[in-house]
Structures are given as C-alpha cells and as structure tokens.
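Following: one structure in structure tokens, then a few remarks.
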Amino acid sequence: MRQNLDEKQQKQKDALLYLLNFFKKNSYQFTVITPLSHERILKRKKVQSSEPKTLQDIFGWNLPFSAKDLDQVLFPLLMQAELIQAENDSFVSKIRVASLEDELFIHSAYPTVENDAVFFGPDTYRFYYHFKQYLNHHAQPLQRCVELCCGSSAAAISIVKSYSTVSEMYAVDINPKALFYSEINQTFAGLENIYPIQSNLFSSLEGNFDLIFANPPYLMDSAERQYRHGGNELDGTDLAFDILKQGITHLSKNGSLFLYTGVAIRSSGNNFLVAVDAWIENYPSFKYTYEEIDPDVFGEELDEMAYQQIDRIAVALVKITAI
C-alpha cells in the first residue's frame with residue numbers, strides 16, 4: 001500500500017530519488033556512528049570549517065555548507081523541495097544518507113531530537129548483521145514477512161534483496177515519516193514487493209506471517225520520542241514485550257519471530273527476561289531462546305533519572321519458532 005503523497009511530499013520524493021541516484025553514481029558511502037561519537041567528530045570538523053565540504057560532510061556528518069559545495073543541479077532541486085535550509089551564512093541538510101552493504105538509505109538529520117525522527121545508527125547495523133546470520137541458518141522457506149517498527153526499512157529492504165523466496169514484505173511503523181522514507185528507500189532499491197503500512201504493531205495487518213522481525217525502541221526516554229521510547233513499566237521494553245505477545249499469535253505454521261532489543265539490567269535482575277520466561281510457559285508448542293549479545297550500550301543513559309536503579313543496558317536477541 002503506497003502512501004497518498006501531497007504536492008510537497010511528491011516533490012521531496014522526486015528530489016530524494018535524484019539525490020540517491022546521484023550518490024550511487026559518485027560511489028557515496030557513509031557509516032553512521034553513535035550520537036555522542038558523531039558530536040565529537042562534528043566538533044573536530046567544524047574547526048576546519050573553511051574547507052570545501054564533501055557529500056559525506058553534508059549528508060553524513062550534517063555539517064553546514066555553502067551553495068558552491070553542491071552540484072549545480074542538486075542544490076536548487078533540494079532547496080525547492082525544502083530538504084535543505086539556510087543557517088546563518090550557510091546551509092544544512094534536513095536529511096542524512098547512510099550506507100548498509102551496497103544500499104543507501106534516507107533517514108533523519110542529526111541531531112535526531114524530533115518526535116517523529118527516523119533513526120539509523122549502530123543498532124541498525126548490529127540488528128541486520130545478527131538477523132542475517134539467523135536467516136543463513138533458517139531452513140524454512142520465507143514468503144510472507146513483516147518488519148515491525150521498520151524506521152528506514154533498512155533490514156526489510158536488505159533481506160528482500162538477499163532472499164528471493166520472499167513474495168510479500170510488510171514494512172510497518174506508527175510514524176508516517178518513517179513510512180515516507182521507507183517508500184523512497186525501497187523505490188531506489190528497485191523493489192516492488194515491500195508494502196509500507198502505518199499500523200500500531202498488528203492493528204492494521206491481516207493474516208499470519210512466516211517471519212516477524214523487529215528492532216523496536218527500547219529506552220525510557222523522558223521526551224517519549226517515538227524512535228526511542230519503549231515504555232516505563234518494564235524498564236524500556238514494554239513495546240518489545242508487546243511485539244512478542246502479539247507476534248506469537250500471528251505466526252504461520254513453522255513461522256518464526258526474531259526480536260532485537262535493548263534490556264535494562266537492575267542489580268536485582270532482568271525484569272524483561274523474568275516477564276518473558278513466565279509468559280512463554282503458556283506456549284509449549286514454541287521453541288524459545290534468549291541471548292545477550294552485548295553487555296553494555298548507551299551508557300550515557302545511566303545518568304538519566306529513569307535509570308538510577310539500572311546497572312547497565314544490554315542488547316539481547318529473542319527468537320521464537322513454532323514447532
């Protein structure tokens with residue numbers, strides 16, 4: 001289901017597809033790092049502010065630039081589409097472009113402070129890497145799949161490019177901007193069997209799926225930004241737990257669910273794991289595994305009020321398969 005775009009969105013879509021094709025011709029690549037690391041590099045690069053800016057400077061690092069730094073066709077095209085804006089005596093891009101393997105993906109500009117920001121970062125790369133490893137050992141043919149909390153749809157697009165048996169891939173998010181960027185990214189990738197759907201998890205979906213996968217927000221964010229906030233009751237993993245509870249009822253015969261999530265660990269234990277262990281006992285016909293793959297991410301969050309009783313934030317994989 002394609003979004004019905006208004007005139008401004010259509011202009012932006014056309015400009016962004018031109019941008020992505022321009023980047024492809026110029027062998028553009030950019031690996032997104034954590035916001036704190038990005039901030040450090042940004043300070044370093046701003047010291048050299050008089051130097052001409054590269055495409056990576058403008059659309060990766062989000063540095064201010066001058067009109068002469070951009071292609072003479074690209075600059076007016078992006079200005080007319082309101083994708084770059086004036087800032088003091090310079091300009092800044094409202095979007096960024098990241099690379100993952102051989103693909104390019106539109107996502108939100110740095111810093112991602114807007115409630116509807118579309119995030120792409122180290123979690124995206126980790127999620128995709130572990131998910132791909134999982135699928136490499138997945139014997140069951142995949143046809144009907146869904147990515148929940150899809151963001152830029154980097155995982156969904158990359159998987160469809162790699163696995164020819166997938167006939168339907170649904171890219172689901174509650175955020176319209178995520179779906180807008182997803183549609184652009186998949187159009188650029190040349191894929192017709194990915195369907196962006198605005199939905200609160202499964203609320204707008206029908207039927208069952210051979211594969212459900214997700215990298216949902218998992219932090220306790222005081223501003224409750226969509227791309228970060230995962231709820232407070234389970235220390236940031238309320239949304240992740242809801243995906244498991246709803247997802248298990250939407251699996252086809254021999255279907256599987258792959259969840260990548262951060263988990264806040266207290267000195268008293270892991271509240272998310274305790275909840276999942278107790279819940280999965282009601283489903284003896286499913287195989288379930290929990291694996292911690294990184295013991296310490298987003299350490300800066302431990303300074304926040306919501307994390308004063310938290311010792312660390314780990315990254316975990318939850319895999320559920322119908323047997």
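Chain labels A, B, ... are given in the sequence in which chains occur in the structure tokens; within each chain residues are numbered consecutively from 1, and ligands are likewise numbered from 1 in the order shown.
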List the neighbours of A:Ala67 out to 12 Å using only C-alpha atoms; skip same-chain residues closer than 2 positions along the sequence, and give me the result as a PyMOL selection string.
chain A and resi 52-53+58+64-65+69-79+84-87+89-93
Any chance you could export the current selection's N, CA and C atoms as an mmCIF file, in the first residue's frame?
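For reference, result-v4.cif as written:
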```cif
data_model
loop_
_atom_site.group_PDB
_atom_site.id
_atom_site.type_symbol
_atom_site.label_atom_id
_atom_site.label_comp_id
_atom_site.auth_asym_id
_atom_site.auth_seq_id
_atom_site.Cartn_x
_atom_site.Cartn_y
_atom_site.Cartn_z
ATOM 1 N N PRO A 52 36.323 23.125 1.687
ATOM 2 C CA PRO A 52 35.143 22.679 0.913
ATOM 3 C C PRO A 52 34.554 21.408 1.519
ATOM 4 N N LYS A 53 33.253 21.280 1.433
ATOM 5 C CA LYS A 53 32.563 20.138 2.044
ATOM 6 C C LYS A 53 32.309 19.035 1.020
ATOM 7 N N ILE A 58 28.230 16.769 4.129
ATOM 8 C CA ILE A 58 26.915 17.421 4.068
ATOM 9 C C ILE A 58 25.792 16.469 4.456
ATOM 10 N N PRO A 64 27.379 22.308 8.179
ATOM 11 C CA PRO A 64 26.970 23.454 7.354
ATOM 12 C C PRO A 64 27.833 23.518 6.095
ATOM 13 N N PHE A 65 27.244 23.986 4.995
ATOM 14 C CA PHE A 65 27.969 24.031 3.727
ATOM 15 C C PHE A 65 27.536 25.249 2.941
ATOM 16 N N ASP A 69 29.407 24.131 -2.691
ATOM 17 C CA ASP A 69 29.868 22.794 -2.320
ATOM 18 C C ASP A 69 29.031 21.685 -2.956
ATOM 19 N N LEU A 70 27.841 22.039 -3.462
ATOM 20 C CA LEU A 70 26.931 21.042 -4.021
ATOM 21 C C LEU A 70 26.826 21.162 -5.528
ATOM 22 N N ASP A 71 26.506 20.063 -6.164
ATOM 23 C CA ASP A 71 26.251 20.017 -7.603
ATOM 24 C C ASP A 71 25.236 21.099 -7.993
ATOM 25 N N GLN A 72 25.438 21.742 -9.154
ATOM 26 C CA GLN A 72 24.619 22.888 -9.557
ATOM 27 C C GLN A 72 23.172 22.512 -9.872
ATOM 28 N N VAL A 73 22.900 21.224 -10.136
ATOM 29 C CA VAL A 73 21.523 20.767 -10.305
ATOM 30 C C VAL A 73 20.938 20.350 -8.958
ATOM 31 N N LEU A 74 21.751 19.702 -8.144
ATOM 32 C CA LEU A 74 21.297 19.158 -6.868
ATOM 33 C C LEU A 74 20.891 20.250 -5.878
ATOM 34 N N PHE A 75 21.661 21.314 -5.802
ATOM 35 C CA PHE A 75 21.383 22.359 -4.810
ATOM 36 C C PHE A 75 20.001 22.995 -4.994
ATOM 37 N N PRO A 76 19.657 23.526 -6.182
ATOM 38 C CA PRO A 76 18.316 24.136 -6.328
ATOM 39 C C PRO A 76 17.190 23.111 -6.192
ATOM 40 N N LEU A 77 17.443 21.885 -6.613
ATOM 41 C CA LEU A 77 16.424 20.845 -6.506
ATOM 42 C C LEU A 77 16.073 20.584 -5.040
ATOM 43 N N LEU A 78 17.086 20.481 -4.186
ATOM 44 C CA LEU A 78 16.857 20.237 -2.759
ATOM 45 C C LEU A 78 16.294 21.465 -2.057
ATOM 46 N N MET A 79 16.693 22.644 -2.496
ATOM 47 C CA MET A 79 16.144 23.868 -1.919
ATOM 48 C C MET A 79 14.654 23.984 -2.215
ATOM 49 N N ILE A 84 16.866 21.242 2.253
ATOM 50 C CA ILE A 84 17.981 21.949 2.879
ATOM 51 C C ILE A 84 17.470 23.314 3.307
ATOM 52 N N GLN A 85 18.105 23.860 4.330
ATOM 53 C CA GLN A 85 17.646 25.148 4.843
ATOM 54 C C GLN A 85 18.829 26.043 5.162
ATOM 55 N N ALA A 86 18.580 27.354 5.100
ATOM 56 C CA ALA A 86 19.618 28.327 5.418
ATOM 57 C C ALA A 86 19.863 28.336 6.919
ATOM 58 N N GLU A 87 21.132 28.468 7.286
ATOM 59 C CA GLU A 87 21.520 28.559 8.700
ATOM 60 C C GLU A 87 22.674 29.545 8.792
ATOM 61 N N ASP A 89 25.111 32.001 7.607
ATOM 62 C CA ASP A 89 25.585 32.288 6.256
ATOM 63 C C ASP A 89 25.771 31.019 5.436
ATOM 64 N N SER A 90 25.269 29.897 5.951
ATOM 65 C CA SER A 90 25.467 28.613 5.281
ATOM 66 C C SER A 90 24.131 27.905 5.086
ATOM 67 N N PHE A 91 24.207 26.627 4.726
ATOM 68 C CA PHE A 91 23.035 25.774 4.571
ATOM 69 C C PHE A 91 23.285 24.461 5.302
ATOM 70 N N VAL A 92 22.193 23.799 5.721
ATOM 71 C CA VAL A 92 22.301 22.470 6.309
ATOM 72 C C VAL A 92 21.226 21.571 5.710
ATOM 73 N N SER A 93 21.538 20.283 5.645
ATOM 74 C CA SER A 93 20.593 19.316 5.108
ATOM 75 C C SER A 93 19.615 18.883 6.192
#
```
Selection: 10 Å around A:Ala117, only C-alpha atoms, excl. self and same-chain fewer than 3 positions, as a ChimeraX atom specification:
/A:107-114,120,151,175,177-178,225-228
Output C-alpha atoms for every residue in that selection, as an mmCIF file, in the first residue's frame.
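Now in again.cif:
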```
data_model
loop_
_atom_site.group_PDB
_atom_site.id
_atom_site.type_symbol
_atom_site.label_atom_id
_atom_site.label_comp_id
_atom_site.auth_asym_id
_atom_site.auth_seq_id
_atom_site.Cartn_x
_atom_site.Cartn_y
_atom_site.Cartn_z
ATOM 1 C CA HIS A 107 16.951 8.918 7.387
ATOM 2 C CA SER A 108 16.646 11.922 9.701
ATOM 3 C CA ALA A 109 19.247 14.645 10.153
ATOM 4 C CA TYR A 110 21.491 14.966 13.201
ATOM 5 C CA PRO A 111 20.619 15.577 15.965
ATOM 6 C CA THR A 112 17.503 13.377 15.991
ATOM 7 C CA VAL A 113 15.537 15.391 18.538
ATOM 8 C CA GLU A 114 12.152 15.488 16.745
ATOM 9 C CA PHE A 120 19.597 4.967 11.692
ATOM 10 C CA GLY A 151 12.134 3.017 10.558
ATOM 11 C CA ASN A 175 5.397 7.063 12.219
ATOM 12 C CA LYS A 177 7.719 9.978 8.183
ATOM 13 C CA ALA A 178 9.322 6.532 8.604
ATOM 14 C CA ARG A 225 10.166 10.295 21.291
ATOM 15 C CA GLN A 226 8.735 7.566 19.083
ATOM 16 C CA TYR A 227 12.037 6.203 17.843
ATOM 17 C CA ARG A 228 13.499 5.892 21.364
#
```
Which residues in stretch 183-243 of chain A does DSSP call strand (DSSP E)? List them as a PyMOL selection string.
chain A and resi 194-198+209-214
Work out how far atom CA of A:Ala240 is from atom CA of A:Thr165, in Å to one decimal.
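Rounded to one decimal, the two atoms are 27.3 Å apart.
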Quick one: residues within 7 Å of A:Leu257, only C-alpha atoms, excluding same-chain residues fewer than 4 positions away - as an MDAnalysis selection string?
chainID A and resid 211:213 319:321
For A:Ile310, find every residue with an atom within 12 Å (counting only C-alpha atoms), except residues of its own chain fewer than 2 positions away, and show them as JSON, numbers by chain.
{"A": [219, 220, 234, 235, 236, 263, 264, 265, 266, 267, 268, 269, 270, 271, 296, 298, 299, 300, 301, 302, 303, 304, 305, 306, 307, 308, 312, 313, 314]}
With a cut-off of 9 Å, could you pull out the residues of stretch 230-313 of chain A touching stretch 198-207 of chain A and give me the nearest pair of atoms for each, distance in Å to one decimal, using only C-alpha atoms, ordered by chain and ascending number, as a tab-separated table?
```
residue	atom	partner	partner_atom	distance
A:Asp242	CA	A:Leu201	CA	8.6
A:Ile243	CA	A:Leu201	CA	7.2
A:Gln246	CA	A:Phe202	CA	7.4
A:Gly247	CA	A:Phe202	CA	7.9
A:His250	CA	A:Gly207	CA	6.9
A:Leu251	CA	A:Gly207	CA	8.7
A:Ser252	CA	A:Gly207	CA	8.5
```
Selection from above, N, CA and C atoms, as a PDB file, in the first residue's frame, can you write it?
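Generated output (again.pdb):
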```pdb
ATOM      1  N   ASP A 242       5.303  -6.438  24.042  1.00  0.00           N
ATOM      2  CA  ASP A 242       4.039  -6.443  23.286  1.00  0.00           C
ATOM      3  C   ASP A 242       4.224  -7.104  21.916  1.00  0.00           C
ATOM      4  N   ILE A 243       5.377  -6.875  21.286  1.00  0.00           N
ATOM      5  CA  ILE A 243       5.654  -7.497  19.991  1.00  0.00           C
ATOM      6  C   ILE A 243       5.677  -9.013  20.130  1.00  0.00           C
ATOM      7  N   GLN A 246       1.919 -10.222  20.906  1.00  0.00           N
ATOM      8  CA  GLN A 246       1.043 -10.159  19.736  1.00  0.00           C
ATOM      9  C   GLN A 246       1.595 -11.005  18.583  1.00  0.00           C
ATOM     10  N   GLY A 247       2.896 -10.984  18.433  1.00  0.00           N
ATOM     11  CA  GLY A 247       3.514 -11.658  17.304  1.00  0.00           C
ATOM     12  C   GLY A 247       3.305 -13.151  17.295  1.00  0.00           C
ATOM     13  N   HIS A 250       0.415 -14.347  15.440  1.00  0.00           N
ATOM     14  CA  HIS A 250       0.363 -14.027  14.011  1.00  0.00           C
ATOM     15  C   HIS A 250       1.402 -14.819  13.213  1.00  0.00           C
ATOM     16  N   LEU A 251       1.917 -15.899  13.785  1.00  0.00           N
ATOM     17  CA  LEU A 251       2.875 -16.732  13.077  1.00  0.00           C
ATOM     18  C   LEU A 251       2.153 -17.844  12.318  1.00  0.00           C
ATOM     19  N   SER A 252       2.585 -18.079  11.103  1.00  0.00           N
ATOM     20  CA  SER A 252       2.058 -19.190  10.325  1.00  0.00           C
ATOM     21  C   SER A 252       2.666 -20.498  10.834  1.00  0.00           C
TER      22      SER A 252
END
```
Considering only C-alpha atoms, tabulate each residue of stretch 171-270 of chain A that lies at most 10 Å from stretch 124-134 of chain A along with its nearest interatomic pair and the corresponding distance in Å to one decimal; arrange the rows by chain and ascending residue number and present them as a Markdown table.
```
| residue | atom | partner | partner_atom | distance |
| --- | --- | --- | --- | --- |
| A:Phe213 | CA | A:Phe131 | CA | 8.4 |
| A:Ala214 | CA | A:Phe127 | CA | 8.7 |
| A:Asn215 | CA | A:Phe127 | CA | 6.9 |
| A:Phe258 | CA | A:Phe131 | CA | 7.4 |
| A:Leu259 | CA | A:Phe131 | CA | 8.9 |
| A:Tyr260 | CA | A:Phe127 | CA | 6.3 |
| A:Thr261 | CA | A:Phe127 | CA | 8.8 |
```
Just the selected residues (N, CA and C atoms), exported as a PDB file, in the first residue's frame, please.
```
ATOM      1  N   PHE A 213       9.922  -9.822  12.353  1.00  0.00           N
ATOM      2  CA  PHE A 213      11.187  -9.352  12.943  1.00  0.00           C
ATOM      3  C   PHE A 213      11.072  -7.877  13.313  1.00  0.00           C
ATOM      4  N   ALA A 214      11.830  -7.474  14.325  1.00  0.00           N
ATOM      5  CA  ALA A 214      11.695  -6.108  14.839  1.00  0.00           C
ATOM      6  C   ALA A 214      12.934  -5.682  15.620  1.00  0.00           C
ATOM      7  N   ASN A 215      13.227  -4.408  15.510  1.00  0.00           N
ATOM      8  CA  ASN A 215      14.233  -3.724  16.335  1.00  0.00           C
ATOM      9  C   ASN A 215      13.518  -2.504  16.906  1.00  0.00           C
ATOM     10  N   PHE A 258      11.831 -12.933  15.288  1.00  0.00           N
ATOM     11  CA  PHE A 258      13.185 -12.509  15.648  1.00  0.00           C
ATOM     12  C   PHE A 258      13.110 -11.097  16.215  1.00  0.00           C
ATOM     13  N   LEU A 259      13.469 -10.953  17.476  1.00  0.00           N
ATOM     14  CA  LEU A 259      13.416  -9.654  18.153  1.00  0.00           C
ATOM     15  C   LEU A 259      14.807  -9.246  18.618  1.00  0.00           C
ATOM     16  N   TYR A 260      15.214  -8.042  18.232  1.00  0.00           N
ATOM     17  CA  TYR A 260      16.459  -7.419  18.697  1.00  0.00           C
ATOM     18  C   TYR A 260      16.053  -6.279  19.619  1.00  0.00           C
ATOM     19  N   THR A 261      16.526  -6.293  20.851  1.00  0.00           N
ATOM     20  CA  THR A 261      16.118  -5.227  21.773  1.00  0.00           C
ATOM     21  C   THR A 261      17.184  -4.943  22.818  1.00  0.00           C
TER      22      THR A 261
END
```
In Å, how far is it from atom CA of A:Asn193 to atom CA of A:Ile157?
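Going from atom CA of A:Asn193 over to atom CA of A:Ile157, I get 9.7 Å.
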Just give me the gap between atom CA of A:Thr237 and atom CA of A:Phe119 in Å, one decimal is fine.
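Result for atom CA of A:Thr237 versus atom CA of A:Phe119: 17.8 Å, one decimal.
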Give me, as a VMD selection string, the residues of stretch 112-279 of chain A that a backbone DSSP run labels alpha helix (DSSP H).
chain A and resid 122 to 136 154 to 162 176 to 189 238 to 247 271 to 279
Just the residues within 12 Å of A:Ala189, please, counting only C-alpha atoms, with nothing from its chain fewer than 6 positions along; format it as a list in words.
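Residues meeting the cut-off are Leu17, Leu20, Asn21, Lys24, Asp102, Glu103, Leu104, Phe105, Ile106, Ser153, Ala154, Ala156, Ile157, Ser158, Ile159, Val160, Lys161, Ser182 and Glu183 of chain A.
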Neighbouring residues of A:Ile293 were defined as those with any atom within 9 Å, considering only C-alpha atoms; residues of the same chain fewer than 5 positions away were excluded. Please report them as a list in words.
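Using only C-alpha atoms, the neighbours found are Ala314, Val315, Ala316 and Leu317 of chain A.
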Stretch 85-197 of chain A residues near stretch 3-10 of chain A within 9 Å, closest pair each, using only C-alpha atoms, as a Markdown table:
```
| residue | atom | partner | partner_atom | distance |
| --- | --- | --- | --- | --- |
| A:Pro176 | CA | A:Gln3 | CA | 8.9 |
| A:Leu179 | CA | A:Gln3 | CA | 8.0 |
| A:Phe180 | CA | A:Gln3 | CA | 7.4 |
| A:Glu183 | CA | A:Gln3 | CA | 8.2 |
| A:Pro196 | CA | A:Gln3 | CA | 7.9 |
| A:Ile197 | CA | A:Gln3 | CA | 8.5 |
```
Please, could you write that set of residues out with C-alpha atoms as a short mmCIF file (atom, residue, chain, number, x, y, z; two decimals), in the first residue's frame?
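File result-v5.cif, as written:
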```
data_model
loop_
_atom_site.label_atom_id
_atom_site.label_comp_id
_atom_site.auth_asym_id
_atom_site.auth_seq_id
_atom_site.Cartn_x
_atom_site.Cartn_y
_atom_site.Cartn_z
CA PRO A 176 4.28 8.48 8.81
CA LEU A 179 6.95 5.13 6.00
CA PHE A 180 7.67 8.05 3.66
CA GLU A 183 8.93 4.10 0.35
CA PRO A 196 4.75 0.22 3.86
CA ILE A 197 1.84 0.16 6.31
#
```
Just want the 10 Å neighbourhood of stretch 286-288 of chain A, counted on only C-alpha atoms, with same-chain residues fewer than 6 positions away dropped. Output as a PDB file with N, CA and C atoms, in the first residue's frame.
```
ATOM      1  N   ILE A 248       3.338 -13.770  18.462  1.00  0.00           N
ATOM      2  CA  ILE A 248       3.222 -15.231  18.523  1.00  0.00           C
ATOM      3  C   ILE A 248       1.865 -15.712  18.008  1.00  0.00           C
ATOM      4  N   ASN A 254       5.050 -23.282  11.420  1.00  0.00           N
ATOM      5  CA  ASN A 254       6.520 -23.283  11.328  1.00  0.00           C
ATOM      6  C   ASN A 254       7.101 -21.871  11.188  1.00  0.00           C
ATOM      7  N   GLY A 255       6.288 -20.839  11.487  1.00  0.00           N
ATOM      8  CA  GLY A 255       6.775 -19.469  11.416  1.00  0.00           C
ATOM      9  C   GLY A 255       7.714 -19.137  12.566  1.00  0.00           C
ATOM     10  N   SER A 256       8.426 -18.017  12.427  1.00  0.00           N
ATOM     11  CA  SER A 256       9.388 -17.628  13.456  1.00  0.00           C
ATOM     12  C   SER A 256       9.358 -16.120  13.691  1.00  0.00           C
ATOM     13  N   LEU A 257       9.801 -15.746  14.883  1.00  0.00           N
ATOM     14  CA  LEU A 257       9.848 -14.337  15.299  1.00  0.00           C
ATOM     15  C   LEU A 257      11.266 -14.038  15.777  1.00  0.00           C
ATOM     16  N   VAL A 276       9.222 -12.459  30.232  1.00  0.00           N
ATOM     17  CA  VAL A 276       9.149 -13.309  29.045  1.00  0.00           C
ATOM     18  C   VAL A 276       9.162 -14.782  29.435  1.00  0.00           C
ATOM     19  N   ASP A 277      10.027 -15.152  30.367  1.00  0.00           N
ATOM     20  CA  ASP A 277      10.101 -16.550  30.811  1.00  0.00           C
ATOM     21  C   ASP A 277       8.762 -17.036  31.365  1.00  0.00           C
ATOM     22  N   ILE A 280       6.092 -17.217  28.263  1.00  0.00           N
ATOM     23  CA  ILE A 280       6.287 -18.236  27.233  1.00  0.00           C
ATOM     24  C   ILE A 280       5.909 -19.629  27.725  1.00  0.00           C
ATOM     25  N   VAL A 318      15.802 -12.266  21.029  1.00  0.00           N
ATOM     26  CA  VAL A 318      14.785 -13.244  21.401  1.00  0.00           C
ATOM     27  C   VAL A 318      14.309 -13.913  20.111  1.00  0.00           C
ATOM     28  N   LYS A 319      14.358 -15.243  20.088  1.00  0.00           N
ATOM     29  CA  LYS A 319      13.946 -15.997  18.902  1.00  0.00           C
ATOM     30  C   LYS A 319      12.874 -16.984  19.302  1.00  0.00           C
ATOM     31  N   ILE A 320      11.774 -16.957  18.579  1.00  0.00           N
ATOM     32  CA  ILE A 320      10.646 -17.848  18.852  1.00  0.00           C
ATOM     33  C   ILE A 320      10.267 -18.543  17.543  1.00  0.00           C
ATOM     34  N   THR A 321      10.116 -19.847  17.603  1.00  0.00           N
ATOM     35  CA  THR A 321       9.776 -20.611  16.405  1.00  0.00           C
ATOM     36  C   THR A 321       8.650 -21.604  16.733  1.00  0.00           C
ATOM     37  N   ALA A 322       7.657 -21.656  15.859  1.00  0.00           N
ATOM     38  CA  ALA A 322       6.594 -22.635  16.011  1.00  0.00           C
ATOM     39  C   ALA A 322       7.131 -24.013  15.681  1.00  0.00           C
ATOM     40  N   ILE A 323       6.817 -25.010  16.523  1.00  0.00           N
ATOM     41  CA  ILE A 323       7.337 -26.370  16.297  1.00  0.00           C
ATOM     42  C   ILE A 323       6.185 -27.384  16.262  1.00  0.00           C
TER      43      ILE A 323
END
```
Of A:Asn232, A:Ser285, A:Asn62, A:Gln56, the one nearest to A:Glu39 when counting only C-alpha atoms is A:Asn62
